[in-house]
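Enquirer: Got a file for you: entry_24.cif, mmCIF, C-alpha atoms.
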data_my_file
loop_
_atom_site.group_PDB
_atom_site.id
_atom_site.type_symbol
_atom_site.label_atom_id
_atom_site.label_comp_id
_atom_site.auth_asym_id
_atom_site.auth_seq_id
_atom_site.Cartn_x
_atom_site.Cartn_y
_atom_site.Cartn_z
ATOM 1 C CA MET A 1 15.267 2.899 -14.683
ATOM 2 C CA LYS A 2 15.025 4.798 -11.408
ATOM 3 C CA ILE A 3 11.512 4.947 -9.952
ATOM 4 C CA GLU A 4 11.818 8.682 -9.305
ATOM 5 C CA ASP A 5 12.531 9.209 -13.026
ATOM 6 C CA ILE A 6 9.597 6.991 -14.008
ATOM 7 C CA LEU A 7 7.244 8.985 -11.779
ATOM 8 C CA LYS A 8 8.338 12.234 -13.429
ATOM 9 C CA GLN A 9 7.443 10.884 -16.881
ATOM 10 C CA TYR A 10 3.787 10.162 -16.146
ATOM 11 C CA HIS A 11 1.236 12.628 -14.846
ATOM 12 C CA ASP A 12 -2.138 11.808 -13.266
ATOM 13 C CA GLU A 13 -1.782 8.134 -14.092
ATOM 14 C CA TRP A 14 -1.783 4.783 -12.375
ATOM 15 C CA LEU A 15 1.430 2.867 -12.987
ATOM 16 C CA LEU A 16 2.219 -0.804 -12.643
ATOM 17 C CA ILE A 17 5.968 -1.242 -12.271
ATOM 18 C CA GLU A 18 8.071 -4.363 -12.257
ATOM 19 C CA VAL A 19 10.476 -3.742 -9.395
ATOM 20 C CA GLU A 20 14.100 -4.587 -10.126
ATOM 21 C CA LYS A 21 15.607 -3.148 -6.969
ATOM 22 C CA PHE A 22 14.346 -2.208 -3.493
ATOM 23 C CA ASP A 23 16.061 -0.097 -0.875
ATOM 24 C CA GLU A 24 16.583 -1.421 2.653
ATOM 25 C CA ASP A 25 13.031 -0.286 3.502
ATOM 26 C CA TYR A 26 11.535 -2.209 0.584
ATOM 27 C CA LYS A 27 10.763 0.999 -1.237
ATOM 28 C CA PRO A 28 11.109 0.371 -4.967
ATOM 29 C CA ILE A 29 14.083 2.287 -6.385
ATOM 30 C CA GLU A 30 14.529 0.734 -9.838
ATOM 31 C CA GLY A 31 12.120 -0.898 -12.240
ATOM 32 C CA LYS A 32 10.277 -0.754 -15.514
ATOM 33 C CA VAL A 33 6.726 0.214 -16.376
ATOM 34 C CA ILE A 34 4.466 -2.704 -17.271
ATOM 35 C CA ALA A 35 1.233 -0.750 -17.630
ATOM 36 C CA HIS A 36 0.026 2.811 -17.228
ATOM 37 C CA SER A 37 -3.356 4.463 -17.510
ATOM 38 C CA PRO A 38 -5.385 7.261 -15.951
ATOM 39 C CA ILE A 39 -8.051 4.585 -15.389
ATOM 40 C CA GLU A 40 -7.145 2.539 -12.327
ATOM 41 C CA SER A 41 -9.144 -0.546 -13.331
ATOM 42 C CA GLU A 42 -7.054 -0.921 -16.490
ATOM 43 C CA VAL A 43 -3.872 -1.042 -14.459
ATOM 44 C CA LEU A 44 -5.360 -3.377 -11.851
ATOM 45 C CA ASN A 45 -6.466 -5.698 -14.654
ATOM 46 C CA ALA A 46 -2.931 -5.639 -16.052
ATOM 47 C CA LEU A 47 -1.678 -6.615 -12.614
ATOM 48 C CA ALA A 48 -3.698 -9.814 -12.723
ATOM 49 C CA LYS A 49 -2.080 -10.796 -16.024
ATOM 50 C CA CYS A 50 1.523 -9.769 -15.405
ATOM 51 C CA GLU A 51 4.104 -12.453 -14.726
ATOM 52 C CA SER A 52 6.538 -10.254 -12.824
ATOM 53 C CA LYS A 53 7.380 -11.459 -9.350
ATOM 54 C CA ASN A 54 7.780 -8.136 -7.581
ATOM 55 C CA VAL A 55 5.556 -5.247 -8.576
ATOM 56 C CA ALA A 56 4.638 -1.779 -7.396
ATOM 57 C CA LEU A 57 1.431 0.151 -7.888
ATOM 58 C CA GLU A 58 1.887 3.913 -8.037
ATOM 59 C CA TYR A 59 -0.347 6.900 -8.686
ATOM 60 C CA THR A 60 1.203 10.094 -10.017
ATOM 61 C CA GLY A 61 -1.728 12.466 -9.580
ATOM 62 C CA GLU A 62 -2.562 14.955 -6.858
ATOM 63 C CA ILE A 63 -5.721 15.153 -4.760
ATOM 64 C CA PRO A 64 -7.768 18.123 -5.963
ATOM 65 C CA GLU A 65 -7.934 20.873 -3.322
ATOM 66 C CA ASP A 66 -11.719 20.694 -3.211
ATOM 67 C CA VAL A 67 -11.929 16.930 -2.675
ATOM 68 C CA GLY A 68 -11.903 15.425 0.812
ATOM 69 C CA VAL A 69 -11.599 11.785 1.873
ATOM 70 C CA LEU A 70 -13.778 9.994 4.407
ATOM 71 C CA LEU A 71 -13.471 6.217 4.556
ATOM 72 C CA MET B 1 13.892 6.673 18.532
ATOM 73 C CA LYS B 2 13.638 6.364 14.755
ATOM 74 C CA THR B 3 11.943 8.971 12.620
ATOM 75 C CA TYR B 4 10.436 8.594 9.149
ATOM 76 C CA ARG B 5 9.062 11.273 6.880
ATOM 77 C CA LEU B 6 5.429 10.842 5.826
ATOM 78 C CA GLU B 7 4.162 11.803 2.376
ATOM 79 C CA LYS B 8 1.441 14.434 2.452
ATOM 80 C CA TYR B 9 -1.510 14.162 0.079
ATOM 81 C CA GLY B 10 -3.790 17.107 0.648
ATOM 82 C CA ARG B 11 -4.529 16.838 4.365
ATOM 83 C CA LEU B 12 -3.694 13.152 4.536
ATOM 84 C CA PHE B 13 -0.540 11.184 5.259
ATOM 85 C CA CYS B 14 0.667 8.279 3.164
ATOM 86 C CA THR B 15 3.633 5.990 3.039
ATOM 87 C CA THR B 16 4.806 3.013 1.021
ATOM 88 C CA GLY B 17 4.134 -0.507 2.233
ATOM 89 C CA ALA B 18 5.505 -3.823 0.978
ATOM 90 C CA PHE B 19 3.659 -7.126 1.351
ATOM 91 C CA LYS B 20 5.314 -10.495 0.793
ATOM 92 C CA GLY B 21 3.599 -13.718 -0.165
ATOM 93 C CA PRO B 22 4.719 -17.058 -1.634
ATOM 94 C CA THR B 23 4.877 -15.679 -5.180
ATOM 95 C CA GLY B 24 6.270 -12.195 -4.784
ATOM 96 C CA ILE B 25 6.366 -8.770 -3.189
ATOM 97 C CA PHE B 26 3.751 -6.118 -3.841
ATOM 98 C CA THR B 27 4.310 -2.498 -2.883
ATOM 99 C CA LEU B 28 1.766 0.266 -2.892
ATOM 100 C CA LYS B 29 0.939 3.585 -1.333
ATOM 101 C CA LEU B 30 -0.888 3.243 1.976
ATOM 102 C CA LEU B 31 -3.064 5.780 3.699
ATOM 103 C CA VAL B 32 -1.782 6.169 7.276
ATOM 104 C CA ASP B 33 -5.118 5.916 9.037
ATOM 105 C CA THR B 34 -5.582 6.075 12.807
ATOM 106 C CA GLY B 35 -9.301 5.707 12.097
ATOM 107 C CA ALA B 36 -8.827 2.218 10.659
ATOM 108 C CA SER B 37 -8.607 -0.852 12.893
ATOM 109 C CA TYR B 38 -6.911 -2.947 10.229
ATOM 110 C CA THR B 39 -4.296 -2.714 7.519
ATOM 111 C CA LEU B 40 -5.883 -3.265 4.138
ATOM 112 C CA ILE B 41 -4.779 -4.284 0.647
ATOM 113 C CA PRO B 42 -6.811 -4.776 -2.539
ATOM 114 C CA TRP B 43 -7.731 -8.197 -3.947
ATOM 115 C CA GLU B 44 -5.338 -7.694 -6.848
ATOM 116 C CA ALA B 45 -2.447 -7.433 -4.396
ATOM 117 C CA LEU B 46 -3.351 -10.752 -2.806
ATOM 118 C CA GLU B 47 -3.608 -12.355 -6.242
ATOM 119 C CA LYS B 48 -0.129 -11.097 -7.057
ATOM 120 C CA ILE B 49 1.676 -12.257 -3.922
ATOM 121 C CA GLU B 50 -0.195 -15.544 -3.618
ATOM 122 C CA LYS B 51 -1.118 -16.894 -7.025
ATOM 123 C CA ASP B 52 -2.935 -19.993 -5.851
ATOM 124 C CA TYR B 53 -4.713 -18.377 -2.938
ATOM 125 C CA THR B 54 -8.007 -19.593 -1.648
ATOM 126 C CA VAL B 55 -10.567 -17.030 -0.599
ATOM 127 C CA PRO B 56 -9.958 -16.576 3.127
ATOM 128 C CA LYS B 57 -12.720 -18.004 5.287
ATOM 129 C CA GLU B 58 -11.925 -15.790 8.227
ATOM 130 C CA ARG B 59 -13.765 -12.500 8.035
ATOM 131 C CA VAL B 60 -13.965 -9.348 10.081
ATOM 132 C CA LYS B 61 -16.926 -7.042 10.456
ATOM 133 C CA LEU B 62 -15.997 -3.520 9.488
ATOM 134 C CA SER B 63 -17.944 -0.360 9.997
ATOM 135 C CA THR B 64 -17.430 1.863 6.952
ATOM 136 C CA ALA B 65 -18.878 5.167 5.804
ATOM 137 C CA ASN B 66 -21.382 3.140 3.765
ATOM 138 C CA GLY B 67 -22.413 0.738 6.525
ATOM 139 C CA TYR B 68 -21.139 -2.620 7.769
ATOM 140 C CA ILE B 69 -19.211 -5.006 5.545
ATOM 141 C CA LEU B 70 -17.752 -8.465 6.156
ATOM 142 C CA ALA B 71 -14.250 -8.506 4.732
ATOM 143 C CA PRO B 72 -11.811 -11.431 4.474
ATOM 144 C CA ILE B 73 -8.653 -11.248 6.534
ATOM 145 C CA LYS B 74 -5.492 -13.167 5.662
ATOM 146 C CA LYS B 75 -1.919 -13.343 6.951
ATOM 147 C CA VAL B 76 0.871 -12.255 4.612
ATOM 148 C CA GLU B 77 4.387 -13.645 5.034
ATOM 149 C CA TRP B 78 5.554 -10.219 6.074
ATOM 150 C CA ILE B 79 4.672 -6.563 5.895
ATOM 151 C CA HIS B 80 7.309 -3.867 5.747
ATOM 152 C CA SER B 81 6.596 -0.171 6.099
ATOM 153 C CA LEU B 82 8.326 2.809 7.683
ATOM 154 C CA GLY B 83 11.391 0.761 8.553
ATOM 155 C CA THR B 84 9.304 -1.719 10.503
ATOM 156 C CA SER B 85 8.584 -5.297 9.579
ATOM 157 C CA PHE B 86 6.221 -7.903 11.000
ATOM 158 C CA ASP B 87 5.978 -11.556 9.991
ATOM 159 C CA ASN B 88 2.669 -13.391 9.512
ATOM 160 C CA PHE B 89 0.756 -10.160 9.655
ATOM 161 C CA PRO B 90 -3.031 -10.316 9.103
ATOM 162 C CA VAL B 91 -4.367 -7.872 6.522
ATOM 163 C CA VAL B 92 -7.907 -7.207 5.381
ATOM 164 C CA ILE B 93 -8.563 -7.863 1.696
ATOM 165 C CA HIS B 94 -10.880 -5.212 0.352
ATOM 166 C CA ASN B 95 -11.009 -2.833 -2.581
ATOM 167 C CA LEU B 96 -11.408 0.809 -1.705
ATOM 168 C CA PRO B 97 -13.826 2.761 -3.885
ATOM 169 C CA ALA B 98 -12.726 3.613 -7.408
ATOM 170 C CA GLY B 99 -11.409 7.128 -7.609
ATOM 171 C CA MET B 100 -9.384 6.885 -4.397
ATOM 172 C CA PHE B 101 -5.780 7.876 -4.933
ATOM 173 C CA VAL B 102 -4.578 5.063 -2.672
ATOM 174 C CA LYS B 103 -5.552 1.405 -2.748
ATOM 175 C CA GLY B 104 -4.289 0.396 0.691
ATOM 176 C CA VAL B 105 -4.476 1.440 4.336
ATOM 177 C CA LEU B 106 -1.929 1.249 7.136
ATOM 178 C CA GLY B 107 -4.175 0.799 10.135
ATOM 179 C CA MET B 108 -3.972 0.871 13.900
ATOM 180 C CA ASP B 109 -3.057 -2.826 14.059
ATOM 181 C CA PHE B 110 0.324 -1.972 12.521
ATOM 182 C CA LEU B 111 0.761 1.449 14.135
ATOM 183 C CA THR B 112 -0.002 0.154 17.639
ATOM 184 C CA ARG B 113 2.253 -2.873 17.310
ATOM 185 C CA ALA B 114 5.048 -0.654 15.979
ATOM 186 C CA LYS B 115 4.580 1.789 18.886
ATOM 187 C CA ALA B 116 4.253 4.691 16.496
ATOM 188 C CA THR B 117 3.888 8.351 17.383
ATOM 189 C CA ILE B 118 2.593 10.551 14.588
ATOM 190 C CA ASP B 119 3.976 14.088 14.576
ATOM 191 C CA ILE B 120 1.425 15.878 12.421
ATOM 192 C CA ALA B 121 3.031 19.324 12.500
ATOM 193 C CA ASN B 122 6.335 17.970 11.240
ATOM 194 C CA GLU B 123 4.794 15.366 8.911
ATOM 195 C CA GLN B 124 6.728 12.509 10.419
ATOM 196 C CA ILE B 125 6.270 9.329 12.371
ATOM 197 C CA LEU B 126 8.411 8.203 15.266
ATOM 198 C CA PHE B 127 9.031 4.716 16.566
ATOM 199 C CA SER B 128 10.202 4.316 20.134
ATOM 200 C CA GLN B 129 11.199 0.670 19.745
ATOM 201 C CA GLN B 130 12.364 -1.297 16.723
#
Would it be possible to restate this file's structure as structure tokens?

Expert:
Amino acid sequence: MKIEDILKQYHDEWLLIEVEKFDEDYKPIEGKVIAHSPIESEVLNALAKCESKNVALEYTGEIPEDVGVLL
Amino acid sequence: MKTYRLEKYGRLFCTTGAFKGPTGIFTLKLLVDTGASYTLIPWEALEKIEKDYTVPKERVKLSTANGYILAPIKKVEWIHSLGTSFDNFPVVIHNLPAGMFVKGVLGMDFLTRAKATIDIANEQILFSQQ
């Protein structure tokens, strides 16, 4: 399944995707969802257990307008 | 000169980065951060690309918003982002706080080496030499 179609299916969630195809820039373009959750730790935990060789971590939410970032 | 479009998240710029290790490739969204000395990935990413990794002994002292931390640094087989690739690239292994929408950072180590120019108004990044 195309990554762009996967991203449209899930809203405000973390996704762990097994990547089946990259473009020439190593951006994932095809894959399948291994785990999804609005709670990032659940998806990160799934990452530790998954056997897939090539994986992508994606977040489908937006940053709220009233939230800033300072690292 | 090569130009790449950056992804805008609020007032921040992100892009996708790929990291290769002995056991696979991990891709994730990276915050393009000229305020970061190092490129950073989470522990889970290291575990994925290098299954039998040993905790890196080499550490770097980092000044963060919450004070100083000592974070491990480890070379990945290669990093690829924004059409640019570097072999044996050292990355800091550290988990950003929960609640952050990104789990990795593309820091000045990569941006400097890639000779990047960030065009904020046009939300793009330019590379003078590939």

Enquirer: Within 6 Å of chain A, which residues of chain B come that close, and what is the closest atom pair and distance in Å for each? Count all atoms listed in the file and give it as a Markdown table.

Expert:
| residue | atom | partner | partner_atom | distance |
| --- | --- | --- | --- | --- |
| B:Gly24 | CA | A:Lys53 | CA | 4.8 |
| B:Ile25 | CA | A:Asn54 | CA | 4.7 |
| B:Phe26 | CA | A:Val55 | CA | 5.1 |
| B:Thr27 | CA | A:Ala56 | CA | 4.6 |
| B:Leu28 | CA | A:Leu57 | CA | 5.0 |
| B:Ala65 | CA | A:Leu71 | CA | 5.6 |
| B:Gly83 | CA | A:Asp25 | CA | 5.4 |

Enquirer: Distance atom CA of Ser63 of chain B-atom CA of Val92 of chain B, one decimal place?

Expert: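 Pair atom CA of Ser63 of chain B / atom CA of Val92 of chain B returns 13.0 Å.
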
Enquirer: Run through the PyMOL selection byres ((chain B and resi 75) around 8) on the given coordinates and return the selected residues as a compact mmCIF listing (two decimals) with C-alpha atoms, keeping the file's coordinate frame.

Expert:
# COMPACT_ATOMS: atom_id res chain seq x y z
CA ILE B 73 -8.65 -11.25 6.53
CA LYS B 74 -5.49 -13.17 5.66
CA VAL B 76 0.87 -12.26 4.61
CA GLU B 77 4.39 -13.64 5.03
CA ASN B 88 2.67 -13.39 9.51
CA PHE B 89 0.76 -10.16 9.65
CA PRO B 90 -3.03 -10.32 9.10
CA VAL B 91 -4.37 -7.87 6.52

Enquirer: For segment 5-72 of chain B against segment 114-126 of chain B, with a cut-off of 8 Å and counting all atoms listed in the file, what is the closest atom pair and its distance in Å to one decimal for every residue that makes the cut, ordered by chain and number, as CSV?

Expert:
residue,atom,partner,partner_atom,distance
B:Arg5,CA,B:Gln124,CA,4.4
B:Leu6,CA,B:Gln124,CA,5.1
B:Glu7,CA,B:Glu123,CA,7.5
B:Lys8,CA,B:Glu123,CA,7.3
B:Phe13,CA,B:Glu123,CA,7.7

Enquirer: Could you dump the residues just selected with C-alpha atoms as a short mmCIF file (atom, residue, chain, number, x, y, z; two decimals), in the frame of the given file?

Expert:
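Listed below is the output, again-v4.cif:
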data_model
loop_
_atom_site.label_atom_id
_atom_site.label_comp_id
_atom_site.auth_asym_id
_atom_site.auth_seq_id
_atom_site.Cartn_x
_atom_site.Cartn_y
_atom_site.Cartn_z
CA ARG B 5 9.06 11.27 6.88
CA LEU B 6 5.43 10.84 5.83
CA GLU B 7 4.16 11.80 2.38
CA LYS B 8 1.44 14.43 2.45
CA PHE B 13 -0.54 11.18 5.26
#

Enquirer: Atom CA of Lys51 of chain B and atom CA of Trp78 of chain B are how many Å apart?

Expert: 16.1 Å

Enquirer: Can you spell out as a PDB file with C-alpha atoms, in the coordinates of the input the set of residues that the PyMOL selection byres ((chain B and resi 57) around 12) selects in the structure I just provided?

Expert:
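Full text of result-v7.pdb as output:
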ATOM      1  CA  TYR B  53      -4.713 -18.377  -2.938  1.00  0.00           C
ATOM      2  CA  THR B  54      -8.007 -19.593  -1.648  1.00  0.00           C
ATOM      3  CA  VAL B  55     -10.567 -17.030  -0.599  1.00  0.00           C
ATOM      4  CA  PRO B  56      -9.958 -16.576   3.127  1.00  0.00           C
ATOM      5  CA  GLU B  58     -11.925 -15.790   8.227  1.00  0.00           C
ATOM      6  CA  ARG B  59     -13.765 -12.500   8.035  1.00  0.00           C
ATOM      7  CA  VAL B  60     -13.965  -9.348  10.081  1.00  0.00           C
ATOM      8  CA  LEU B  70     -17.752  -8.465   6.156  1.00  0.00           C
ATOM      9  CA  ALA B  71     -14.250  -8.506   4.732  1.00  0.00           C
ATOM     10  CA  PRO B  72     -11.811 -11.431   4.474  1.00  0.00           C
ATOM     11  CA  ILE B  73      -8.653 -11.248   6.534  1.00  0.00           C
ATOM     12  CA  LYS B  74      -5.492 -13.167   5.662  1.00  0.00           C
ATOM     13  CA  LYS B  75      -1.919 -13.343   6.951  1.00  0.00           C
ATOM     14  CA  VAL B  92      -7.907  -7.207   5.381  1.00  0.00           C
ATOM     15  CA  ILE B  93      -8.563  -7.863   1.696  1.00  0.00           C
TER      16      ILE B  93
END

Enquirer: Do you know which residues the PyMOL selection byres ((chain B and resi 36) around 10) returns on this file, as an mmCIF file with C-alpha atoms, in the frame of the given file?

Expert:
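Wrote selection.cif, looks like this:
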data_model
loop_
_atom_site.group_PDB
_atom_site.id
_atom_site.type_symbol
_atom_site.label_atom_id
_atom_site.label_comp_id
_atom_site.auth_asym_id
_atom_site.auth_seq_id
_atom_site.Cartn_x
_atom_site.Cartn_y
_atom_site.Cartn_z
ATOM 1 C CA LEU A 71 -13.471 6.217 4.556
ATOM 2 C CA LEU B 31 -3.064 5.780 3.699
ATOM 3 C CA VAL B 32 -1.782 6.169 7.276
ATOM 4 C CA ASP B 33 -5.118 5.916 9.037
ATOM 5 C CA THR B 34 -5.582 6.075 12.807
ATOM 6 C CA GLY B 35 -9.301 5.707 12.097
ATOM 7 C CA SER B 37 -8.607 -0.852 12.893
ATOM 8 C CA TYR B 38 -6.911 -2.947 10.229
ATOM 9 C CA THR B 39 -4.296 -2.714 7.519
ATOM 10 C CA LEU B 40 -5.883 -3.265 4.138
ATOM 11 C CA LEU B 62 -15.997 -3.520 9.488
ATOM 12 C CA SER B 63 -17.944 -0.360 9.997
ATOM 13 C CA THR B 64 -17.430 1.863 6.952
ATOM 14 C CA VAL B 105 -4.476 1.440 4.336
ATOM 15 C CA LEU B 106 -1.929 1.249 7.136
ATOM 16 C CA GLY B 107 -4.175 0.799 10.135
ATOM 17 C CA MET B 108 -3.972 0.871 13.900
ATOM 18 C CA ASP B 109 -3.057 -2.826 14.059
#

Enquirer: Using atom CA of Ile29 of chain A and atom CA of Phe101 of chain B as the two end points, give the distance in Å to one decimal.

Expert: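 So the two atoms, atom CA of Ile29 of chain A and atom CA of Phe101 of chain B, lie 20.7 Å apart.
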
Enquirer: When distances are computed from all atoms listed in the file, which of A:Ile6, A:Leu15, A:Val33, A:Met1 shows the smallest separation from Lys29 of chain B?

Expert: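 When distances to Lys29 of chain B are compared using all atoms listed in the file, the smallest one comes from A:Leu15.
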